[in-house]
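J.: Pasting a structure here, questions to come.
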Amino acid sequence: MSKKLVLVKPKSEFAEDIKKGLTSNIKEIPSYHLYGEKGDQLFEKITLTNEYYPTRSELQILESYAFNILMHSGSDEKAPTIVELGSGNGTKTEKLLNKAVEVYGKCNYYPVDISQQSLLLLKNRLSKFEHCLISPVEANIYENLEFLPRIQSQKLILFLGSSIGNMGIDKSYSLMKRIADNMSPHDKLLIGFDLAHNGNKPQEIINRAYNDDGLVTAQFNLNLLRKINNQLGGEFDVGQFEYYSHYNPELKRQESFLKSKIKQDVRISDLNLTVRFCKDEYILTEFSQKFDLEMIAKMAGAAGLEQVDSYTDKNRYFINSLFIKT
Ligand code: AVJ
């Protein structure tokens, strides 16, 4: 890796997306712009709140089932090569790497992320795993999965955190298909899905995960306006906006917005743009799709994948499904 630090998205794309998103009739900003240096830190803080159960649930699953997952994916003597799409800070993956080293004496790990900065941090964090060979891959997995077939050994591909649900359901379908298309016959794919509300999981549990008492998630969303101020010469008065998020039970997704508290005009000088807001007008910032078993089976079928096993936490709030190519 070279030493140059790369932002989550090139600044020009950020500018384009903001211009497009804030001049359209219904204002919206693609959710990946929530990330970036400060956004990554705030997201990590979210994962530590009491209300945000998905991270804890998935961690519990990987802790309990690391051995089973590895046994499915490798062979008795040979560890699978672990490839993680969107590696983040690697806390969850550590559970699998630990187990792989314990069972096989060594492991191969390819973290893939769009942010070179987060790959560097991850590599440093995992340097304590002496028997783990770490090969970071800098790539935008939504645009490019060509690196996958080039990793020739038998792979366990991870796509964790229910991130598959953050681009709208159509894109979830197409991404799952593209991953499947780039898999070899012996590869396994482990996807994390946050489950929709059901008899055992009240809607309020989901809603509270995005409305934490410490207002960390609110700050995470409001940071988007600060990012526009810092990077594009925006003049948002962040105090004149508030975060609003609710669970939509029909569509089984959490919907998050920033709402203008007053009628106001906001200048964004680098875009040569003044954005007009009505009182109570919304900017859509994120959909977090939740899934049920039927939806998962349908998506997998359409992608050409077959589920070989699945694992859930003791509350049954989250599920990790293991797939092979059909
Ligand atoms: C990492 C995208 C899966 O939607 O739950 C957490 C992001 N947003 N709290 C999610 C997020 C607000 C998270 N994903």
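Going through the structure tokens in order, the chains are called A, B, and so on, while each chain numbers its residues from 1 and the ligands are numbered from 1 in the order shown.
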Around ligand 1, out to 6 Å and counting only C-alpha atoms and all ligand atoms, which residues are there? I want them as a list of chain:residue names.
T.: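 Sorted by chain and then by number, the residues are A:Gly161, A:Ser162, A:Ser163, A:Asn166, A:Tyr210, A:Thr217, A:Ser288.
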J.: Those same residues - C-alpha atoms - I'd like them written as a tab-separated table (two decimals), in the first residue's frame.
T.:
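What follows is the written file selection.tsv:
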```
chain	number	residue	atom	x	y	z
A	161	GLY	CA	-23.18	-6.02	9.74
A	162	SER	CA	-26.35	-6.13	7.62
A	163	SER	CA	-24.65	-3.65	5.31
A	166	ASN	CA	-28.28	-0.10	3.09
A	210	TYR	CA	-31.47	4.26	15.69
A	217	THR	CA	-26.88	8.38	16.01
A	288	SER	CA	-31.64	0.30	6.97
```
J.: Can I get the residues of region 94-203 of chain A within 8 Å of region 292-301 of chain A, each with the closest pair of atoms and their distance in Å to one decimal, using only C-alpha atoms, sorted chain first then ascending number, as a Markdown table?
T.:
```
| residue | atom | partner | partner_atom | distance |
| --- | --- | --- | --- | --- |
| A:Tyr173 | CA | A:Met299 | CA | 5.9 |
| A:Met176 | CA | A:Ala300 | CA | 7.5 |
| A:Leu195 | CA | A:Asp292 | CA | 5.7 |
| A:Ala196 | CA | A:Asp292 | CA | 5.7 |
```
J.: Quick one: everything within 9 Å of Ser153 (chain A), counting only C-alpha atoms, minus sequence neighbours fewer than 2 positions away in the same chain. Send it as a list in words.
T.: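 Once the adjacent positions are removed, what remains is Pro80, Thr81, Ile151, Lys155 and Asp187 of chain A.
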J.: Those residues you just picked out, can you put them in a file as a PDB file, in the first residue's frame with C-alpha atoms?
T.:
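To be explicit, this is the file written out as again.pdb:
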```pdb
ATOM      1  CA  PRO A  80     -10.074 -21.152   4.216  1.00  0.00           C
ATOM      2  CA  THR A  81      -8.763 -17.812   3.036  1.00  0.00           C
ATOM      3  CA  ILE A 151      -7.640 -14.946  -4.906  1.00  0.00           C
ATOM      4  CA  LYS A 155     -12.386 -18.711   0.317  1.00  0.00           C
ATOM      5  CA  ASP A 187     -16.119 -20.760  -1.888  1.00  0.00           C
TER       6      ASP A 187
END
```
J.: Write out as a PyMOL selection string which residues come within 9 Å of Leu190 (chain A) when counting only C-alpha atoms, dropping same-chain ones fewer than 4 positions away.
T.: chain A and resi 69+156-160+310+320-323
J.: Could you pull out all residues of region 205-256 of chain A with a DSSP call of helix (DSSP H, G or I) and give them as a ChimeraX atom specification?
T.: /A:205-209,216-232,238-240
J.: Could you write those residues out with N, CA and C atoms, as a short mmCIF file (atom, residue, chain, number, x, y, z; two decimals), in the first residue's frame?
T.:
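Once everything was written out, this is part25.cif:
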```
data_model
loop_
_atom_site.label_atom_id
_atom_site.label_comp_id
_atom_site.auth_asym_id
_atom_site.auth_seq_id
_atom_site.Cartn_x
_atom_site.Cartn_y
_atom_site.Cartn_z
N ILE A 205 -37.60 -2.37 19.47
CA ILE A 205 -36.18 -2.74 19.61
C ILE A 205 -35.38 -2.18 18.44
N ILE A 206 -35.97 -2.31 17.24
CA ILE A 206 -35.29 -1.81 16.04
C ILE A 206 -35.24 -0.29 16.07
N ASN A 207 -36.38 0.32 16.34
CA ASN A 207 -36.44 1.78 16.33
C ASN A 207 -35.47 2.42 17.32
N ARG A 208 -35.38 1.81 18.50
CA ARG A 208 -34.48 2.37 19.53
C ARG A 208 -33.00 2.26 19.15
N ALA A 209 -32.67 1.27 18.30
CA ALA A 209 -31.27 1.13 17.87
C ALA A 209 -30.81 2.35 17.08
N VAL A 216 -26.05 9.64 19.94
CA VAL A 216 -24.88 9.40 19.09
C VAL A 216 -25.30 9.26 17.63
N THR A 217 -26.41 8.56 17.39
CA THR A 217 -26.88 8.38 16.01
C THR A 217 -27.33 9.71 15.41
N ALA A 218 -27.92 10.56 16.25
CA ALA A 218 -28.30 11.90 15.79
C ALA A 218 -27.04 12.66 15.36
N GLN A 219 -25.99 12.60 16.16
CA GLN A 219 -24.74 13.28 15.82
C GLN A 219 -24.13 12.71 14.53
N PHE A 220 -24.23 11.39 14.39
CA PHE A 220 -23.71 10.70 13.20
C PHE A 220 -24.38 11.28 11.94
N ASN A 221 -25.68 11.49 12.00
CA ASN A 221 -26.41 12.04 10.86
C ASN A 221 -26.14 13.53 10.67
N LEU A 222 -26.16 14.29 11.78
CA LEU A 222 -25.92 15.74 11.68
C LEU A 222 -24.51 16.04 11.18
N ASN A 223 -23.59 15.10 11.41
CA ASN A 223 -22.22 15.27 10.95
C ASN A 223 -22.13 15.44 9.43
N LEU A 224 -23.15 14.91 8.74
CA LEU A 224 -23.22 15.08 7.29
C LEU A 224 -23.25 16.56 6.91
N LEU A 225 -23.99 17.36 7.68
CA LEU A 225 -24.07 18.80 7.39
C LEU A 225 -22.73 19.47 7.69
N ARG A 226 -22.06 19.01 8.77
CA ARG A 226 -20.73 19.56 9.10
C ARG A 226 -19.74 19.21 7.99
N LYS A 227 -19.90 17.99 7.44
CA LYS A 227 -19.00 17.57 6.36
C LYS A 227 -19.19 18.46 5.13
N ILE A 228 -20.44 18.82 4.84
CA ILE A 228 -20.70 19.73 3.71
C ILE A 228 -20.10 21.10 4.01
N ASN A 229 -20.23 21.55 5.25
CA ASN A 229 -19.62 22.84 5.62
C ASN A 229 -18.11 22.81 5.42
N ASN A 230 -17.47 21.72 5.91
CA ASN A 230 -16.01 21.64 5.86
C ASN A 230 -15.47 21.42 4.46
N GLN A 231 -16.13 20.54 3.71
CA GLN A 231 -15.54 20.14 2.44
C GLN A 231 -16.05 20.92 1.25
N LEU A 232 -17.23 21.54 1.39
CA LEU A 232 -17.81 22.20 0.21
C LEU A 232 -18.17 23.66 0.47
N VAL A 238 -26.09 23.91 12.02
CA VAL A 238 -26.49 22.55 12.37
C VAL A 238 -27.59 22.54 13.44
N GLY A 239 -27.59 23.55 14.29
CA GLY A 239 -28.62 23.68 15.34
C GLY A 239 -30.02 23.90 14.78
N GLN A 240 -30.12 24.28 13.53
CA GLN A 240 -31.44 24.49 12.91
C GLN A 240 -31.97 23.25 12.19
#
```
J.: Write out as a list in words which residues come within 10 Å of Ser75 (chain A) when counting only C-alpha atoms, dropping same-chain ones fewer than 5 positions away.
T.: Leu70, Pro80, Tyr104 and Gln154 of chain A
J.: Enter the distance from CA of Phe277 (chain A) to CA of Ile262 (chain A), in Å, rounded to one decimal.
T.: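 For CA of Phe277 (chain A) relative to CA of Ile262 (chain A), the distance reads 7.7 Å.
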J.: Identify all residues of region 24-185 of chain A in strand (DSSP E) (DSSP on the backbone) and supply them as a list in words.
T.: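 Selecting the strand (DSSP E) positions of region 24-185 of chain A gives Lys27, Glu28, Thr81, Ile82, Val83, Glu84, Leu85, Cys107, Asn108, Tyr109, Tyr110, Pro111, Val112, Asp113, Cys132, Leu133, Ile134, Val137, Glu138, Lys155, Leu156, Ile157, Leu158 and Phe159 of chain A.
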J.: How many Å lie between CA of Glu16 (chain A) and CA of His33 (chain A), rounded to one decimal?
T.: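 That distance, rounded to one decimal, is 11.7 Å.
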J.: I'd like to know which of A:Ser118, A:Lys19, A:Ser73, A:Gly168 is closest to Glu44 (chain A), using only C-alpha atoms.
T.: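 For Glu44 (chain A), the nearest of the given residues is A:Ser118.
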J.: What's the 10 Å shell around Asn198 (chain A), counting only C-alpha atoms, without same-chain residues fewer than 3 positions away, as a VMD selection string?
T.: chain A and resid 195 201 to 203 249 292 317
